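One structure is given below, encoded as structure tokens.
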Amino acid sequence: MRFCLLLVLSLFAVGADRRNTDTPNTGTRVSFQAPDSLDAWKARQQALRRQILAAAGLWPAPPKHPLAVLSTGRIERDGYAVEKVAIETLPGFWLGGNLYRPKGPGRHPAILHPHGHWPYGRLENSALCSTPLLAANFARNGFVVFAYDMLGYNDTVQAPHDFTGPEYQLWNFTPLGLQLWNSIRAADFLESLPDVDPQRLAMTGASGGGTQTFLLAAVDSRIAAAAPVNMVSGLMQGGCVCENAPGLRIGTSNIEIAALFAPRPLLLVSATGDWTREVPKVEFPAMRKVWELYGKPEMIEAVQFDAPHNYHKESREAVYEFFRKHLAPDRAPWRERNATVERLQDMLVFHGRRLPEGALSFEELFPQWKRMARAAARQMSGEEARERLRAAFHWQSRPRFADLPSKWFDGRAPAVLLLHPGGMAAAEQTEEFRALRAAGRAVLLLDAFQTGSAQAPRDRSHRHFLTFNLSDDAARVQDVAAAIEEIARRTKQPAEVRATEKARWWALFGAAIAGAPARFGASAEEFDEDEARLQLEFFVPGLLHAGGVESALRAAASQAVQFRK
């Protein structure tokens with residue numbers, strides 16, 4: 001009778017595991033509800049900012065070396081000038097752009113302007129989008145503008161726009177992360193200019209540039225005002241690999257990420273002809289609740305135009321007025337005027353020129369990223385390593401232990417968590433299990449995610465699956481951490497964890513991130529971080545960027561987890 005009861009509970013737990021049944025993707029309709037209190041929002045804000053930085057490979061961040069700036073020409077126009085500029089955002093990696101500067105004394109507000117997926121990138125000049133007209137009109141009215149490339153566009157060609165794969169994901173090396181770092185360094189560049197007021201930095205972009213806008217605005221407190229155009233939506237979360245990185249949107253969405261900007265001024269520009277069509281009635285009112293928590297609902301605005309996906313004249317004029325109001329209120333409002341649009345080749349930094357000496361190829365950039373990540377991870381304390389690993393495994397979203405299929409055998413403490421890649425049934429057939437029971441030890445068996453009775457269909461077919469969902473191995477580590485915490489709750493003593501074969505990886509990292517100490521019955525020296533093997537046997541995005549086994553050992557030591565043979 002007891003066996004039947006255990007089986008029924010196991011089946012119930014598997015059916016209730018939302019990691020199998022709820023596998024969102026970029027086209028899943030999502031909603032957002034603000035917390036009831038400002039304190040709750042601030043806690044969520046801190047956690048989500050860390051999630052974004054971890055997914056982008058920027059926690060810990062690369063070191064900021066002195067910013068090299070290369071200027072290859074200047075074009076004089078009525079009321080402003082345009083410079084062809086590249087900045088070295090990583091050693092040997094150059095970001096190209098155009099710097100529009102007003103002709104006039106003093107320090108000016110400045111705007112970061114990343115572009116979307118338009119054919120000509122930052123040089124696009126069409127009815128639906130014109131970076132040259134936006135930048136020229138801002139510059140003529142006293143704003144400095146830095147319009148810069150996405151990866152793989154115009155001058156920024158040392159990395160392709162859409163690279164992806166498990167070998168990169170182990171290291172959080174993604175287009176999204178590189179572009180976010182480029183934006184951080186672009187803000188450093190604007191701050192360094194003598195004619196820029198660093199207290200008045202703003203950012204705007206449309207489509208993929210809108211994604212870049214709300215990501216930087218979410219994590220960089222220097223941005224004083226932002227206007228993501230035709231992007232924030234509950235209907236679509238971004239279709240390009242440059243807008244997706246493993247772990248970025250687990251448990252969240254672009255709506256909540258954009259709301260992290262509160263209480264600073266935010267303008268949501270939307271269109272009736274794309275996925276932002278519901279913004280005025282759905283996303284905007286939901287987001288405004290966050291600004292209301294701060295007592296500043298007037299700082300978020302929304303405007304919509306009857307148009308297809310765009311950054312057209314009417315959208316640009318809405319942004320002109322919003323930034324004028326918040327960053328240069330002493331200036332009179334203006335409407336867009338025509339401006340000279342230069343020939344494409346005249347705006348390129350490297351047209352007819354080689355990249356600077358020491359510029360890296362993509363094949364050289366990835367190894368450099370690895371070296372920087374290793375060096376940064378080794379500087380983390382044990383507690384910092386544990387927090388970084390918790391971010392990689394999304395520890396806060398771990399399931400309740402009661403929802404996991406398990407078997408508890410009463411006995412004397414310390415209780416043993418016995419793990420097997422085949423699950424509980426396989427563990428019960430081992431000599432180790434029989435010896436533990438013969439010795440009268442308490443034992444907990446577990447069907448970790450997608451093992452034993454926990455095996456269930458899981459749709460992994462979407463291209464950006466890992467942006468929204470855990471890998472199977474990350475989910476298994478969550479389960480082990482929950483089991484360790486359950487043993488501590490039941491016995492008031494640390495668990496002893498024993499594992500075999502692949503399950504030793506679950507045990508090591510589960511012990512490292514758990515909210516209770518454990519003794520791990522395995523040798524620390526046996527873990528081989530061969531990257532090809534990890535992709536097959538223990539694949540967790542960001543694992544090696546977070547320091548891998550070395551960080552796990554340091555994290556475990558910080559909470560008195562004991563490793564022994």
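Identifiers in the structure tokens: chain A, B, ... in order shown; residue index from 1 per chain; ligand index from 1 in order shown.
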
At most 7 Å is the cut-off: for each residue in segment 117-147 of chain A with any atom that close to an atom of segment 324-341 of chain A, write down the nearest atom pair and the distance in Å rounded to one decimal, counting only C-alpha atoms, chain first then increasing number, as a tab-separated table.
```
residue	atom	partner	partner_atom	distance
A:Pro132	CA	A:Val341	CA	6.3
A:Leu133	CA	A:Ala339	CA	6.2
A:Ala136	CA	A:Ala339	CA	6.6
A:Asn137	CA	A:Glu336	CA	6.3
```

For this session: Give me the residues within 8 Å of segment 154-161 of chain A as a VMD selection string, counting only C-alpha atoms and dropping any in the same chain fewer than 5 places off.
Result: chain A and resid 93 to 97 120 to 122 149 175 242 348 to 350 360 to 362

Mind dumping the selected residues with N, CA and C atoms as a PDB file, in the first residue's frame?
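result13.pdb written:
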```pdb
ATOM      1  N   PHE A  93      38.961  45.051 -30.151  1.00  0.00           N
ATOM      2  CA  PHE A  93      37.611  44.984 -30.732  1.00  0.00           C
ATOM      3  C   PHE A  93      37.048  46.394 -30.848  1.00  0.00           C
ATOM      4  N   TRP A  94      36.653  46.764 -32.073  1.00  0.00           N
ATOM      5  CA  TRP A  94      36.283  48.142 -32.378  1.00  0.00           C
ATOM      6  C   TRP A  94      34.805  48.270 -32.728  1.00  0.00           C
ATOM      7  N   LEU A  95      34.172  49.283 -32.129  1.00  0.00           N
ATOM      8  CA  LEU A  95      32.780  49.629 -32.402  1.00  0.00           C
ATOM      9  C   LEU A  95      32.754  50.900 -33.232  1.00  0.00           C
ATOM     10  N   GLY A  96      32.120  50.823 -34.422  1.00  0.00           N
ATOM     11  CA  GLY A  96      32.059  51.975 -35.304  1.00  0.00           C
ATOM     12  C   GLY A  96      30.785  52.776 -35.132  1.00  0.00           C
ATOM     13  N   GLY A  97      30.890  54.085 -35.426  1.00  0.00           N
ATOM     14  CA  GLY A  97      29.710  54.928 -35.331  1.00  0.00           C
ATOM     15  C   GLY A  97      29.951  56.316 -35.877  1.00  0.00           C
ATOM     16  N   TYR A 120      20.565  49.110 -43.885  1.00  0.00           N
ATOM     17  CA  TYR A 120      21.789  49.912 -43.840  1.00  0.00           C
ATOM     18  C   TYR A 120      22.203  50.295 -42.417  1.00  0.00           C
ATOM     19  N   GLY A 121      21.591  49.657 -41.429  1.00  0.00           N
ATOM     20  CA  GLY A 121      22.018  49.886 -40.059  1.00  0.00           C
ATOM     21  C   GLY A 121      21.945  51.340 -39.646  1.00  0.00           C
ATOM     22  N   ARG A 122      23.048  51.853 -39.104  1.00  0.00           N
ATOM     23  CA  ARG A 122      23.052  53.240 -38.615  1.00  0.00           C
ATOM     24  C   ARG A 122      22.985  54.262 -39.755  1.00  0.00           C
ATOM     25  N   ASP A 149      26.940  50.964 -34.365  1.00  0.00           N
ATOM     26  CA  ASP A 149      26.557  49.739 -35.069  1.00  0.00           C
ATOM     27  C   ASP A 149      26.102  48.618 -34.144  1.00  0.00           C
ATOM     28  N   PRO A 175      25.964  37.502 -29.010  1.00  0.00           N
ATOM     29  CA  PRO A 175      25.786  38.830 -29.605  1.00  0.00           C
ATOM     30  C   PRO A 175      25.109  39.808 -28.657  1.00  0.00           C
ATOM     31  N   CYS A 242      20.498  38.317 -31.469  1.00  0.00           N
ATOM     32  CA  CYS A 242      21.107  39.440 -30.752  1.00  0.00           C
ATOM     33  C   CYS A 242      20.191  40.001 -29.675  1.00  0.00           C
ATOM     34  N   LEU A 348      31.421  56.032 -43.316  1.00  0.00           N
ATOM     35  CA  LEU A 348      32.063  54.849 -42.743  1.00  0.00           C
ATOM     36  C   LEU A 348      33.434  55.193 -42.180  1.00  0.00           C
ATOM     37  N   VAL A 349      33.715  54.658 -41.006  1.00  0.00           N
ATOM     38  CA  VAL A 349      34.999  54.914 -40.343  1.00  0.00           C
ATOM     39  C   VAL A 349      36.137  54.261 -41.107  1.00  0.00           C
ATOM     40  N   PHE A 350      35.912  53.037 -41.568  1.00  0.00           N
ATOM     41  CA  PHE A 350      37.004  52.252 -42.145  1.00  0.00           C
ATOM     42  C   PHE A 350      36.880  52.080 -43.654  1.00  0.00           C
ATOM     43  N   LEU A 360      41.387  42.147 -33.501  1.00  0.00           N
ATOM     44  CA  LEU A 360      41.232  40.700 -33.413  1.00  0.00           C
ATOM     45  C   LEU A 360      40.255  40.170 -34.458  1.00  0.00           C
ATOM     46  N   SER A 361      40.506  38.959 -34.913  1.00  0.00           N
ATOM     47  CA  SER A 361      39.503  38.235 -35.685  1.00  0.00           C
ATOM     48  C   SER A 361      38.498  37.636 -34.706  1.00  0.00           C
ATOM     49  N   PHE A 362      37.371  37.155 -35.222  1.00  0.00           N
ATOM     50  CA  PHE A 362      36.387  36.522 -34.349  1.00  0.00           C
ATOM     51  C   PHE A 362      36.987  35.294 -33.674  1.00  0.00           C
TER      52      PHE A 362
END
```

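With atom CA of Gly116 of chain A on one side and atom CA of Ile250 of chain A on the other, the separation reads 23.9 Å.
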
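Note that the spacing between atom CA of Arg222 of chain A and atom CA of Phe32 of chain A amounts to 25.4 Å.
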
Problem set entry | Residue contacts of Thr89 of chain A (12 Å, only C-alpha atoms) excluding same-chain residues fewer than 4 positions away, as a list in words | Pro62, Pro63, Lys64, His65, Pro66, Leu67, Ala68, Val69, Leu70, Phe93, Trp94, Leu95, Gly96, Thr156, Leu178, Gln179, Leu180, Trp181, Asn182, Ser183, Ile184, Arg185, Ala186, Ala187, Asp188, Phe189, Ala359 and Leu365 of chain A
